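Have a look at model_1.cif; it's mmCIF, C-alpha atoms and all ligand atoms:
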```
data_work
loop_
_atom_site.group_PDB
_atom_site.id
_atom_site.type_symbol
_atom_site.label_atom_id
_atom_site.label_comp_id
_atom_site.auth_asym_id
_atom_site.auth_seq_id
_atom_site.Cartn_x
_atom_site.Cartn_y
_atom_site.Cartn_z
ATOM 1 C CA MET O 1296 -10.069 -8.559 40.859
ATOM 2 C CA ARG O 1297 -6.725 -7.433 39.516
ATOM 3 C CA VAL O 1298 -6.478 -7.382 35.714
ATOM 4 C CA THR O 1299 -3.053 -7.319 34.103
ATOM 5 C CA VAL O 1300 -1.921 -6.208 30.651
ATOM 6 C CA ASP O 1301 -1.272 -9.859 29.938
ATOM 7 C CA ASP O 1302 -4.898 -10.770 30.788
ATOM 8 C CA LEU O 1303 -6.103 -8.094 28.361
ATOM 9 C CA ARG O 1304 -3.742 -9.282 25.651
ATOM 10 C CA LYS O 1305 -5.048 -12.845 26.053
ATOM 11 C CA ALA O 1306 -8.654 -11.619 26.027
ATOM 12 C CA PHE O 1307 -7.955 -9.722 22.786
ATOM 13 C CA GLU O 1308 -6.318 -12.740 21.155
ATOM 14 C CA SER O 1309 -9.097 -15.104 22.141
ATOM 15 C CA GLU O 1310 -11.794 -12.663 20.999
ATOM 16 C CA VAL O 1311 -10.140 -12.198 17.614
ATOM 17 C CA GLY O 1312 -9.500 -15.941 17.266
ATOM 18 C CA ARG O 1313 -13.059 -16.834 18.192
ATOM 19 C CA ARG O 1314 -14.921 -14.148 16.299
ATOM 20 C CA TRP O 1315 -12.988 -13.282 13.160
ATOM 21 C CA THR O 1316 -15.228 -13.027 10.099
ATOM 22 C CA ALA O 1317 -15.491 -10.343 7.414
ATOM 23 C CA GLY O 1318 -18.716 -9.153 9.055
ATOM 24 C CA GLN O 1319 -17.102 -8.920 12.479
ATOM 25 C CA TRP O 1320 -14.196 -6.932 10.991
ATOM 26 C CA VAL O 1321 -16.728 -4.376 9.711
ATOM 27 C CA ARG O 1322 -18.431 -4.262 13.127
ATOM 28 C CA TRP O 1323 -15.054 -3.462 14.743
ATOM 29 C CA LEU O 1324 -14.480 -0.734 12.137
ATOM 30 C CA ASN O 1325 -17.903 0.674 12.994
ATOM 31 C CA ALA O 1326 -17.053 0.675 16.687
ATOM 32 C CA SER O 1327 -13.734 2.413 15.970
ATOM 33 C CA SER O 1328 -15.515 5.142 14.021
ATOM 34 C CA VAL O 1329 -17.649 5.831 17.091
ATOM 35 C CA LEU O 1330 -15.004 5.251 19.798
ATOM 36 C CA GLN O 1331 -12.647 7.907 18.475
ATOM 37 C CA GLY O 1332 -9.116 8.008 19.799
ATOM 38 C CA GLN O 1333 -8.968 4.373 20.919
ATOM 39 C CA THR O 1334 -6.450 1.898 19.599
ATOM 40 C CA PHE O 1335 -7.807 -1.045 17.639
ATOM 41 C CA ARG O 1336 -6.998 -3.435 20.483
ATOM 42 C CA ASN O 1337 -8.930 -1.262 22.912
ATOM 43 C CA VAL O 1338 -11.875 -1.023 20.516
ATOM 44 C CA VAL O 1339 -12.071 -4.841 20.533
ATOM 45 C CA LEU O 1340 -11.700 -4.953 24.336
ATOM 46 C CA ILE O 1341 -14.340 -2.245 24.863
ATOM 47 C CA ARG O 1342 -16.833 -4.026 22.604
ATOM 48 C CA LEU O 1343 -16.138 -7.280 24.397
ATOM 49 C CA GLN O 1344 -16.896 -5.760 27.800
ATOM 50 C CA LEU O 1345 -19.707 -3.348 26.851
ATOM 51 C CA PRO O 1346 -20.983 -4.061 23.324
ATOM 52 C CA ASP O 1347 -23.091 -0.887 23.137
ATOM 53 C CA ALA O 1348 -20.389 1.506 24.346
ATOM 54 C CA LEU O 1349 -20.794 4.822 22.578
ATOM 55 C CA TRP O 1350 -18.430 7.277 24.192
ATOM 56 C CA VAL O 1351 -15.848 6.284 26.755
ATOM 57 C CA GLY O 1352 -13.581 8.230 29.050
ATOM 58 C CA ASP O 1353 -11.703 7.839 32.299
ATOM 59 C CA ARG O 1354 -13.008 9.220 35.594
ATOM 60 C CA GLU O 1355 -11.102 12.512 35.241
ATOM 61 C CA ALA O 1356 -12.263 13.056 31.652
ATOM 62 C CA TRP O 1357 -15.885 12.710 32.760
ATOM 63 C CA GLN O 1358 -15.294 15.003 35.740
ATOM 64 C CA ARG O 1359 -13.928 17.666 33.403
ATOM 65 C CA ARG O 1360 -17.221 17.443 31.505
ATOM 66 C CA GLY O 1361 -19.204 17.804 34.712
ATOM 67 C CA ARG O 1362 -20.214 14.144 34.980
ATOM 68 C CA GLN O 1363 -19.589 11.421 37.553
ATOM 69 C CA VAL O 1364 -19.518 7.661 37.305
ATOM 70 C CA VAL O 1365 -22.740 6.184 38.699
ATOM 71 C CA ARG O 1366 -22.061 4.207 41.889
ATOM 72 C CA GLY O 1367 -21.763 0.472 41.340
ATOM 73 C CA GLN O 1368 -20.922 0.617 37.622
ATOM 74 C CA SER O 1369 -18.012 -1.587 36.684
ATOM 75 C CA GLY O 1370 -15.425 0.044 34.476
ATOM 76 C CA ILE O 1371 -14.106 -1.129 31.121
ATOM 77 C CA ARG O 1372 -10.495 -2.303 31.287
ATOM 78 C CA VAL O 1373 -8.193 -1.219 28.481
ATOM 79 C CA VAL O 1374 -4.485 -1.108 27.746
ATOM 80 C CA THR O 1375 -3.022 2.376 28.174
ATOM 81 C CA GLY O 1376 0.242 3.900 27.134
ATOM 82 C CA GLU O 1377 0.420 2.264 23.742
ATOM 83 C CA ARG O 1378 2.282 3.992 20.991
ATOM 84 C CA ARG O 1379 -0.143 4.806 18.274
ATOM 85 C CA THR O 1380 2.150 5.197 15.294
ATOM 86 C CA ASP O 1381 1.287 3.377 12.094
ATOM 87 C CA ARG O 1382 3.999 0.798 12.131
ATOM 88 C CA VAL O 1383 4.709 0.156 15.788
ATOM 89 C CA VAL O 1384 1.946 -2.092 16.985
ATOM 90 C CA GLY O 1385 2.277 -4.252 20.041
ATOM 91 C CA SER O 1386 5.136 -2.210 21.485
ATOM 92 C CA VAL O 1387 5.663 -3.101 25.134
ATOM 93 C CA GLN O 1388 6.842 0.294 26.331
ATOM 94 C CA GLY O 1389 4.896 1.856 29.157
ATOM 95 C CA HIS O 1390 1.890 -0.439 29.082
ATOM 96 C CA GLY O 1391 -0.596 -0.352 31.886
ATOM 97 C CA VAL O 1392 -4.230 -1.123 32.577
ATOM 98 C CA GLY O 1393 -6.650 1.781 32.518
ATOM 99 C CA THR O 1394 -10.327 1.925 33.422
ATOM 100 C CA LEU O 1395 -12.886 3.706 31.268
ATOM 101 C CA TRP O 1396 -16.612 4.228 31.625
ATOM 102 C CA ASP O 1397 -19.191 4.679 28.924
ATOM 103 C CA VAL O 1398 -21.343 7.820 28.907
ATOM 104 C CA SER O 1399 -24.320 5.591 29.841
ATOM 105 C CA GLN O 1400 -22.542 4.740 33.120
ATOM 106 C CA THR O 1401 -22.189 8.400 34.111
ATOM 107 C CA GLU O 1402 -24.537 11.162 35.277
ATOM 108 C CA GLY O 1403 -24.326 14.933 35.577
ATOM 109 C CA ARG O 1404 -24.183 17.809 33.133
ATOM 110 C CA PRO O 1405 -25.960 16.978 29.834
ATOM 111 C CA VAL O 1406 -23.713 16.228 26.859
ATOM 112 C CA LEU O 1407 -24.282 16.155 23.123
ATOM 113 C CA LEU O 1408 -23.948 12.502 22.158
ATOM 114 C CA PRO O 1409 -21.757 11.508 19.207
ATOM 115 C CA SER O 1410 -23.644 11.295 15.982
ATOM 116 C CA VAL O 1411 -24.247 7.649 15.161
ATOM 117 C CA ASP O 1412 -27.380 8.172 13.124
ATOM 118 C CA ALA O 1413 -26.715 8.187 9.405
ATOM 119 C CA GLY O 1414 -29.486 10.740 8.850
ATOM 120 C CA SER O 1415 -27.632 13.408 10.783
ATOM 121 C CA GLY O 1416 -24.415 13.071 8.816
ATOM 122 C CA VAL O 1417 -22.678 15.165 6.238
ATOM 123 C CA THR O 1418 -24.033 14.856 2.678
ATOM 124 C CA PRO O 1419 -21.971 12.671 0.320
ATOM 125 C CA ARG O 1420 -21.466 15.694 -1.942
ATOM 126 C CA ARG O 1421 -19.914 17.752 0.863
ATOM 127 C CA LEU O 1422 -17.782 14.804 1.924
ATOM 128 C CA LEU O 1423 -16.557 14.367 -1.649
ATOM 129 C CA GLU O 1424 -15.589 18.051 -1.794
ATOM 130 C CA ALA O 1425 -13.767 17.853 1.538
ATOM 131 C CA LEU O 1426 -11.874 14.713 0.465
ATOM 132 C CA THR O 1427 -10.970 16.400 -2.838
ATOM 133 C CA SER O 1428 -9.502 19.224 -0.842
ATOM 134 C CA VAL O 1429 -7.524 16.744 1.346
ATOM 135 C CA ALA O 1430 -6.148 15.118 -1.856
ATOM 136 C CA GLY O 1431 -5.216 18.600 -3.097
ATOM 137 C CA GLY O 1432 -3.245 19.137 0.111
ATOM 138 C CA LEU O 1433 -1.250 15.993 -0.752
ATOM 139 C CA GLY O 1434 -0.497 17.455 -4.189
ATOM 140 C CA TYR O 1435 -3.044 15.355 -6.096
ATOM 141 C CA GLY O 1436 -5.764 16.682 -8.372
ATOM 142 C CA VAL O 1437 -9.034 14.756 -8.668
ATOM 143 C CA ARG O 1438 -10.821 14.296 -11.979
ATOM 144 C CA GLU O 1439 -13.589 12.207 -13.452
ATOM 145 C CA GLN O 1440 -13.022 10.060 -16.476
ATOM 146 C CA GLU O 1441 -14.360 6.819 -17.898
ATOM 147 C CA LEU O 1442 -12.397 3.870 -16.528
ATOM 148 C CA ALA O 1443 -12.218 0.214 -17.507
ATOM 149 C CA PRO O 1444 -14.216 -2.093 -15.173
ATOM 150 C CA GLU O 1445 -11.031 -3.739 -13.840
ATOM 151 C CA ALA O 1446 -9.957 -0.389 -12.330
ATOM 152 C CA GLY O 1447 -12.639 -0.925 -9.679
ATOM 153 C CA GLY O 1448 -13.968 2.632 -9.902
ATOM 154 C CA SER O 1449 -10.809 4.631 -9.264
ATOM 155 C CA VAL O 1450 -7.114 4.786 -9.940
ATOM 156 C CA THR O 1451 -4.181 6.924 -8.800
ATOM 157 C CA ASP O 1452 -1.768 8.165 -11.436
ATOM 158 C CA VAL O 1453 1.380 8.772 -9.408
ATOM 159 C CA ARG O 1454 3.351 10.165 -12.319
ATOM 160 C CA ARG O 1455 0.821 12.868 -13.185
ATOM 161 C CA ARG O 1456 -0.173 13.258 -9.532
ATOM 162 C CA ARG O 1457 -3.860 12.790 -10.077
ATOM 163 C CA ILE O 1458 -6.642 10.588 -8.782
ATOM 164 C CA ILE O 1459 -9.123 9.509 -11.441
ATOM 165 C CA LEU O 1460 -12.655 8.574 -10.413
ATOM 166 C CA ASP O 1461 -14.846 6.669 -12.826
ATOM 167 C CA ALA O 1462 -17.325 9.109 -14.388
ATOM 168 C CA ASP O 1463 -20.066 6.488 -13.961
ATOM 169 C CA LEU O 1464 -19.884 6.535 -10.162
ATOM 170 C CA ASP O 1465 -22.649 8.241 -8.235
ATOM 171 C CA VAL O 1466 -21.615 10.706 -5.531
ATOM 172 C CA PRO O 1467 -21.634 8.285 -2.550
ATOM 173 C CA SER O 1468 -19.535 5.722 -4.469
ATOM 174 C CA ALA O 1469 -17.169 8.456 -5.644
ATOM 175 C CA SER O 1470 -16.596 9.501 -1.987
ATOM 176 C CA VAL O 1471 -15.743 5.902 -1.062
ATOM 177 C CA ALA O 1472 -13.393 5.618 -4.047
ATOM 178 C CA LEU O 1473 -11.656 8.888 -3.246
ATOM 179 C CA ALA O 1474 -11.217 8.020 0.454
ATOM 180 C CA HIS O 1475 -9.794 4.673 -0.713
ATOM 181 C CA GLU O 1476 -7.230 6.330 -3.012
ATOM 182 C CA VAL O 1477 -6.204 8.891 -0.377
ATOM 183 C CA ALA O 1478 -5.706 6.024 2.097
ATOM 184 C CA HIS O 1479 -3.423 4.295 -0.445
ATOM 185 C CA LEU O 1480 -1.443 7.503 -0.940
ATOM 186 C CA ARG O 1481 -0.808 7.830 2.757
ATOM 187 C CA MET O 1482 -0.281 4.177 3.667
ATOM 188 C CA HIS O 1483 1.293 2.451 0.678
ATOM 189 C CA LYS O 1484 4.032 3.006 -1.789
ATOM 190 C CA LEU O 1485 2.199 3.203 -5.089
ATOM 191 C CA SER O 1486 3.858 2.592 -8.388
ATOM 192 C CA SER O 1487 2.442 3.590 -11.755
ATOM 193 C CA GLY O 1488 -0.011 1.216 -13.355
ATOM 194 C CA GLN O 1489 -0.287 -0.935 -10.226
ATOM 195 C CA VAL O 1490 -3.561 -2.744 -9.623
ATOM 196 C CA CYS O 1491 -4.312 -2.904 -5.939
ATOM 197 C CA GLY O 1492 -5.021 -6.107 -4.093
ATOM 198 C CA GLY O 1493 -4.278 -8.153 -0.997
ATOM 199 C CA LEU O 1494 -3.683 -6.557 2.375
ATOM 200 C CA SER O 1495 -3.147 -3.034 1.023
ATOM 201 C CA GLU O 1496 -6.553 -3.262 -0.652
ATOM 202 C CA LEU O 1497 -8.144 -4.355 2.617
ATOM 203 C CA GLU O 1498 -6.458 -1.490 4.449
ATOM 204 C CA ALA O 1499 -7.541 1.172 1.933
ATOM 205 C CA GLU O 1500 -11.104 -0.147 1.734
ATOM 206 C CA SER O 1501 -11.333 -0.356 5.542
ATOM 207 C CA VAL O 1502 -10.077 3.216 5.997
ATOM 208 C CA ALA O 1503 -12.628 4.441 3.428
ATOM 209 C CA TYR O 1504 -15.402 2.577 5.251
ATOM 210 C CA THR O 1505 -14.409 3.978 8.676
ATOM 211 C CA VAL O 1506 -14.222 7.561 7.385
ATOM 212 C CA LEU O 1507 -17.622 7.326 5.685
ATOM 213 C CA ALA O 1508 -19.138 5.722 8.777
ATOM 214 C CA ARG O 1509 -17.791 8.519 10.956
ATOM 215 C CA PHE O 1510 -19.467 11.166 8.810
ATOM 216 C CA GLY O 1511 -22.701 9.206 8.612
ATOM 217 C CA CYS O 1512 -22.510 8.403 4.885
ATOM 218 C CA PRO O 1513 -23.383 4.737 4.428
ATOM 219 C CA MET O 1514 -21.553 2.720 1.786
ATOM 220 C CA ASP O 1515 -23.381 1.437 -1.254
ATOM 221 C CA GLY O 1516 -23.667 -2.260 -2.072
ATOM 222 C CA SER O 1517 -20.768 -2.598 -4.499
ATOM 223 C CA SER O 1518 -18.305 -0.843 -2.158
ATOM 224 C CA SER O 1519 -19.341 -2.943 0.837
ATOM 225 C CA GLY O 1520 -19.067 -6.056 -1.355
ATOM 226 C CA ARG O 1521 -15.462 -5.127 -2.107
ATOM 227 C CA LEU O 1522 -14.747 -4.575 1.597
ATOM 228 C CA PHE O 1523 -16.159 -7.985 2.565
ATOM 229 C CA ALA O 1524 -14.255 -9.685 -0.253
ATOM 230 C CA ALA O 1525 -10.983 -8.020 0.809
ATOM 231 C CA ALA O 1526 -11.590 -9.033 4.456
ATOM 232 C CA ARG O 1527 -12.290 -12.637 3.435
ATOM 233 C CA GLY O 1528 -8.979 -12.506 1.587
ATOM 234 C CA VAL O 1529 -6.998 -12.786 4.838
ATOM 235 C CA GLY O 1530 -8.350 -16.306 5.309
ATOM 236 C CA ARG O 1531 -10.651 -17.970 7.797
ATOM 237 C CA LYS O 1532 -8.256 -17.918 10.745
ATOM 238 C CA PRO O 1533 -5.852 -14.967 10.534
ATOM 239 C CA SER O 1534 -3.465 -14.666 13.495
ATOM 240 C CA ALA O 1535 -4.387 -12.206 16.231
ATOM 241 C CA ARG O 1536 -1.128 -10.428 15.505
ATOM 242 C CA LEU O 1537 -2.052 -9.882 11.853
ATOM 243 C CA VAL O 1538 -5.515 -8.602 12.800
ATOM 244 C CA GLU O 1539 -4.007 -6.276 15.393
ATOM 245 C CA THR O 1540 -1.458 -4.930 12.920
ATOM 246 C CA LEU O 1541 -4.106 -4.344 10.250
ATOM 247 C CA GLY O 1542 -6.522 -2.866 12.772
ATOM 248 C CA GLY O 1543 -3.863 -0.591 14.227
ATOM 249 C CA ARG O 1544 -2.841 0.726 10.826
ATOM 250 C CA VAL O 1545 -6.438 1.223 9.680
ATOM 251 C CA VAL O 1546 -7.599 2.942 12.882
ATOM 252 C CA SER O 1547 -4.606 5.249 12.854
ATOM 253 C CA ALA O 1548 -4.886 6.194 9.156
ATOM 254 C CA ALA O 1549 -8.674 6.598 9.407
ATOM 255 C CA GLY O 1550 -8.313 8.827 12.482
ATOM 256 C CA ARG O 1551 -5.938 11.074 10.577
ATOM 257 C CA LEU O 1552 -8.151 11.231 7.498
ATOM 258 C CA ILE O 1553 -11.238 11.911 9.640
ATOM 259 C CA LYS O 1554 -9.378 14.776 11.300
ATOM 260 C CA ASP O 1555 -8.222 16.310 8.008
ATOM 261 C CA THR O 1556 -11.600 15.872 6.328
ATOM 262 C CA GLY O 1557 -13.388 17.289 9.359
ATOM 263 C CA GLN O 1558 -11.194 20.379 9.251
ATOM 264 C CA LYS O 1559 -12.048 20.951 5.573
ATOM 265 C CA LEU O 1560 -15.746 20.593 6.401
ATOM 266 C CA THR O 1561 -15.444 23.019 9.289
ATOM 267 C CA ARG O 1562 -13.672 25.558 7.146
ATOM 268 C CA SER O 1563 -16.330 25.644 4.466
ATOM 269 C CA GLY O 1564 -19.329 23.916 5.971
ATOM 270 C CA SER O 1565 -22.501 24.570 7.840
ATOM 271 C CA ARG O 1566 -22.723 25.065 11.561
ATOM 272 C CA ARG O 1567 -24.156 21.561 12.072
ATOM 273 C CA GLU O 1568 -21.181 19.965 10.322
ATOM 274 C CA ALA O 1569 -18.822 22.076 12.405
ATOM 275 C CA GLU O 1570 -20.602 20.872 15.555
ATOM 276 C CA ILE O 1571 -20.255 17.240 14.547
ATOM 277 C CA TRP O 1572 -16.591 17.841 13.989
ATOM 278 C CA ALA O 1573 -16.092 19.777 17.228
ATOM 279 C CA HIS O 1574 -17.521 16.787 19.017
ATOM 280 C CA ALA O 1575 -15.196 14.344 17.304
ATOM 281 C CA ASP O 1576 -12.280 16.581 18.147
ATOM 282 C CA LEU O 1577 -13.197 16.694 21.803
ATOM 283 C CA GLY O 1578 -13.507 12.944 21.849
ATOM 284 C CA ARG O 1579 -10.046 12.475 20.546
ATOM 285 C CA ASP O 1580 -8.257 14.921 22.806
ATOM 286 C CA ASP O 1581 -10.120 14.533 26.038
ATOM 287 C CA LEU O 1582 -11.398 11.028 26.198
ATOM 288 C CA GLY O 1583 -8.620 8.663 25.347
ATOM 289 C CA PRO O 1584 -7.021 6.879 28.270
ATOM 290 C CA ARG O 1585 -4.378 9.090 29.832
ATOM 291 C CA MET O 1586 -0.867 8.138 28.830
HETATM 292 ZN ZN ZN P 1 -7.062 0.062 -3.951
#
```

Output the file's structure as structure tokens, nothing else.
Amino acid sequence: MRVTVDDLRKAFESEVGRRWTAGQWVRWLNASSVLQGQTFRNVVLIRLQLPDALWVGDREAWQRRGRQVVRGQSGIRVVTGERRTDRVVGSVQGHGVGTLWDVSQTEGRPVLLPSVDAGSGVTPRRLLEALTSVAGGLGYGVREQELAPEAGGSVTDVRRRRIILDADLDVPSASVALAHEVAHLRMHKLSSGQVCGGLSELEAESVAYTVLARFGCPMDGSSSGRLFAAARGVGRKPSARLVETLGGRVVSAAGRLIKDTGQKLTRSGSRREAEIWAHADLGRDDLGPRM
């Protein structure tokens, strides 16, 4: 059966319309942290067609890794040729339908599966150090200080170019807070003394969640509570276009932060961390649908 870009667009819109909840948003973020290099729309389409997909690639990408698609497996249809910049979402240039297969639908040379088990991740302490180093690269120092409860655990002082983390936070919460502030720095125009909220809060919190998920550091209860609250803030029936725009921006910013953080870990980290990163890197370059 022939599937068109329009069919996939309608499938995406109906899936988002039917399923949107704060919990489902987090499940899509989880899937995007595993399915590296895919656009948000494709993450939704992949999950719709094969909910347990772990690692997808086109026929040629699997052949390059010494694997073939098992006869009789039906491929996952995705939209290819999308521009993946932050702000251009839903561009119509060069769209086409591509077919991907999950690793479970292929056979051949053994591969190291992506790390989805929290136990095999990077420690929160190492992640915090790597994120501190990413913030340093953006010209921001990171320091701990006591903050008022309404600060929500962290604040960025644009004028002094520093990120302040509440001294009361434990290490995992401090990593979430720092990833959140770095996401703000990259995605939003911050002004001094601004309290974050609304869609920019949802974006920053979602990027922090995706980055932590990728490195196998689960979020603590108060951070996940903030993420759910921010996601509920878009209302019970957000338009598919809004969800796609948010998802596109989050997936793109998280991918960039994962890459930068992974490089810091590789530079100073253990061999195991470097391996996890090497895998993520391969996923991004080799396994996305060909443009
Ligand atoms: Zn914020």

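Residue membership of the PyMOL selection byres (((not hetatm)) within 9 of (chain P and resi 1)) in the shown file amounts to O:Ala1446, O:Gly1447, O:Ser1449, O:Val1450, O:Thr1451, O:Ala1472, O:His1475, O:Glu1476, O:Ala1478, O:His1479, O:Val1490, O:Cys1491, O:Gly1492, O:Ser1495, O:Glu1496, O:Leu1497, O:Glu1498, O:Ala1499, O:Glu1500.
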
Env of Arg1421 of chain O: 8 Å cut, atoms = only C-alpha atoms, seq-sep filter 4 positions within chain, self excluded. Answer as a VMD selection string. chain O and resid 1417 1425 1560

Starting from 5 Å padding per side, set up an axis-aligned box that covers all listed atoms of segment 1346-1364 of chain O and hand over centre and edge lengths in Å, one decimal, as AutoDock Vina command-line options.
```
--center_x -17.1 --center_y 6.9 --center_z 30.1 --size_x 22.0 --size_y 31.9 --size_z 25.0
```

What residues come out when you apply the PyMOL selection byres (((chain O and resi 1455) around 12) and not hetatm) to this file, written as an NGL selection string? :O and (1434-1438 or 1450-1454 or 1456-1459 or 1486-1488)

Hits from the PyMOL selection byres (((chain O and resi 1348) around 10) and not hetatm), listed as a PyMOL selection string: chain O and resi 1326+1329-1330+1338+1341-1347+1349-1351+1371+1396-1400

Quick one: distance from atom CA of Val1392 of chain O to atom CA of Val1374 of chain O in Å, one decimal? 4.8 Å

Top pick for closest residue to Leu1522 of chain O, considering O:Leu1494, O:Ala1317, O:Leu1442, O:Leu1433 and counting only C-alpha atoms: O:Ala1317

Of O:Asp1302, O:Thr1401, O:Asp1555, O:Val1321, the one nearest to Gly1367 of chain O when counting all atoms listed in the file is O:Thr1401

In Å to one decimal, how far is atom CA of Ser1468 of chain O from atom CA of Ser1518 of chain O?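 Calculated distance between atom CA of Ser1518 of chain O and atom CA of Ser1468 of chain O is 7.1 Å.
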
Compare O:Val1311, O:Val1298, O:Leu1303, O:Ile1553 by their minimum atom-to-atom distance to Arg1531 of chain O, counting only C-alpha atoms, and give me the closest one.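 Looking at the shortest contact to Arg1531 of chain O, the residue is O:Val1311.
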
Identify the residues within 6 Å of coordinate (-13.1, 9.0, 31.2) (same frame as the file), considering only C-alpha atoms, and give the answer as a PDB file with C-alpha atoms, in the frame of the given file.
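The new file point26.pdb reads:
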```
ATOM      1  CA  VAL O1351     -15.848   6.284  26.755  1.00  0.00           C
ATOM      2  CA  GLY O1352     -13.581   8.230  29.050  1.00  0.00           C
ATOM      3  CA  ASP O1353     -11.703   7.839  32.299  1.00  0.00           C
ATOM      4  CA  ARG O1354     -13.008   9.220  35.594  1.00  0.00           C
ATOM      5  CA  GLU O1355     -11.102  12.512  35.241  1.00  0.00           C
ATOM      6  CA  ALA O1356     -12.263  13.056  31.652  1.00  0.00           C
ATOM      7  CA  TRP O1357     -15.885  12.710  32.760  1.00  0.00           C
ATOM      8  CA  LEU O1395     -12.886   3.706  31.268  1.00  0.00           C
ATOM      9  CA  TRP O1396     -16.612   4.228  31.625  1.00  0.00           C
ATOM     10  CA  LEU O1582     -11.398  11.028  26.198  1.00  0.00           C
TER      11      LEU O1582
END
```

Could you name the residues that touch Ser1470 of chain O at 7 Å or less, counting only C-alpha atoms, but leaving out those on the same chain fewer than 6 positions away, as a PyMOL selection string? chain O and resi 1419+1422-1423

What does the structure give for the distance between atom CA of Gln1358 of chain O and atom CA of Thr1394 of chain O, in Å to one decimal? 14.2 Å

Go through O:Leu1507, O:Leu1408, O:Leu1473, O:Ala1462 and flag the residue nearest Glu1424 of chain O, using only C-alpha atoms for the distances.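 Smallest distance to Glu1424 of chain O is found for O:Leu1473.
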
Could you name the residues that touch Leu1537 of chain O at 12 Å or less, counting only C-alpha atoms, but leaving out those on the same chain fewer than 6 positions away, as a ChimeraX atom specification? /O:1308,1311-1312,1315,1336,1384-1385,1494,1529-1530,1543-1544

Determine the nearest neighbour of Gly1557 of chain O from the options O:Val1471, O:Leu1480, O:Val1506, O:Val1545, counting all atoms listed in the file. O:Val1506

Once you've located segment 1508-1519 of chain O in the structure I gave, write it as a PDB file, in the first residue's frame, keeping N, CA and C atoms.
```
ATOM      1  N   ALA O1508      17.523  11.449  30.768  1.00  0.00           N
ATOM      2  CA  ALA O1508      17.080  10.113  30.356  1.00  0.00           C
ATOM      3  C   ALA O1508      18.128   9.467  29.464  1.00  0.00           C
ATOM      4  N   ARG O1509      18.697  10.248  28.558  1.00  0.00           N
ATOM      5  CA  ARG O1509      19.688   9.715  27.631  1.00  0.00           C
ATOM      6  C   ARG O1509      20.906   9.156  28.380  1.00  0.00           C
ATOM      7  N   PHE O1510      21.308   9.837  29.442  1.00  0.00           N
ATOM      8  CA  PHE O1510      22.483   9.388  30.182  1.00  0.00           C
ATOM      9  C   PHE O1510      22.117   8.466  31.339  1.00  0.00           C
ATOM     10  N   GLY O1511      20.857   8.044  31.376  1.00  0.00           N
ATOM     11  CA  GLY O1511      20.458   7.040  32.356  1.00  0.00           C
ATOM     12  C   GLY O1511      20.382   7.556  33.778  1.00  0.00           C
ATOM     13  N   CYS O1512      20.185   8.878  33.957  1.00  0.00           N
ATOM     14  CA  CYS O1512      20.029   9.423  35.308  1.00  0.00           C
ATOM     15  C   CYS O1512      18.557   9.775  35.508  1.00  0.00           C
ATOM     16  N   PRO O1513      17.828   8.976  36.268  1.00  0.00           N
ATOM     17  CA  PRO O1513      16.402   9.275  36.417  1.00  0.00           C
ATOM     18  C   PRO O1513      16.177  10.550  37.216  1.00  0.00           C
ATOM     19  N   MET O1514      15.063  11.215  36.910  1.00  0.00           N
ATOM     20  CA  MET O1514      14.707  12.455  37.609  1.00  0.00           C
ATOM     21  C   MET O1514      14.093  12.154  38.966  1.00  0.00           C
ATOM     22  N   ASP O1515      14.311  13.034  39.914  1.00  0.00           N
ATOM     23  CA  ASP O1515      13.674  12.840  41.216  1.00  0.00           C
ATOM     24  C   ASP O1515      12.223  13.332  41.167  1.00  0.00           C
ATOM     25  N   GLY O1516      11.499  13.089  42.245  1.00  0.00           N
ATOM     26  CA  GLY O1516      10.069  13.382  42.276  1.00  0.00           C
ATOM     27  C   GLY O1516       9.715  14.843  42.064  1.00  0.00           C
ATOM     28  N   SER O1517      10.474  15.772  42.683  1.00  0.00           N
ATOM     29  CA  SER O1517      10.053  17.167  42.563  1.00  0.00           C
ATOM     30  C   SER O1517      10.311  17.692  41.150  1.00  0.00           C
ATOM     31  N   SER O1518      11.389  17.224  40.496  1.00  0.00           N
ATOM     32  CA  SER O1518      11.642  17.663  39.119  1.00  0.00           C
ATOM     33  C   SER O1518      10.580  17.105  38.180  1.00  0.00           C
ATOM     34  N   SER O1519      10.224  15.803  38.357  1.00  0.00           N
ATOM     35  CA  SER O1519       9.230  15.254  37.435  1.00  0.00           C
ATOM     36  C   SER O1519       7.876  15.905  37.689  1.00  0.00           C
TER      37      SER O1519
END
```
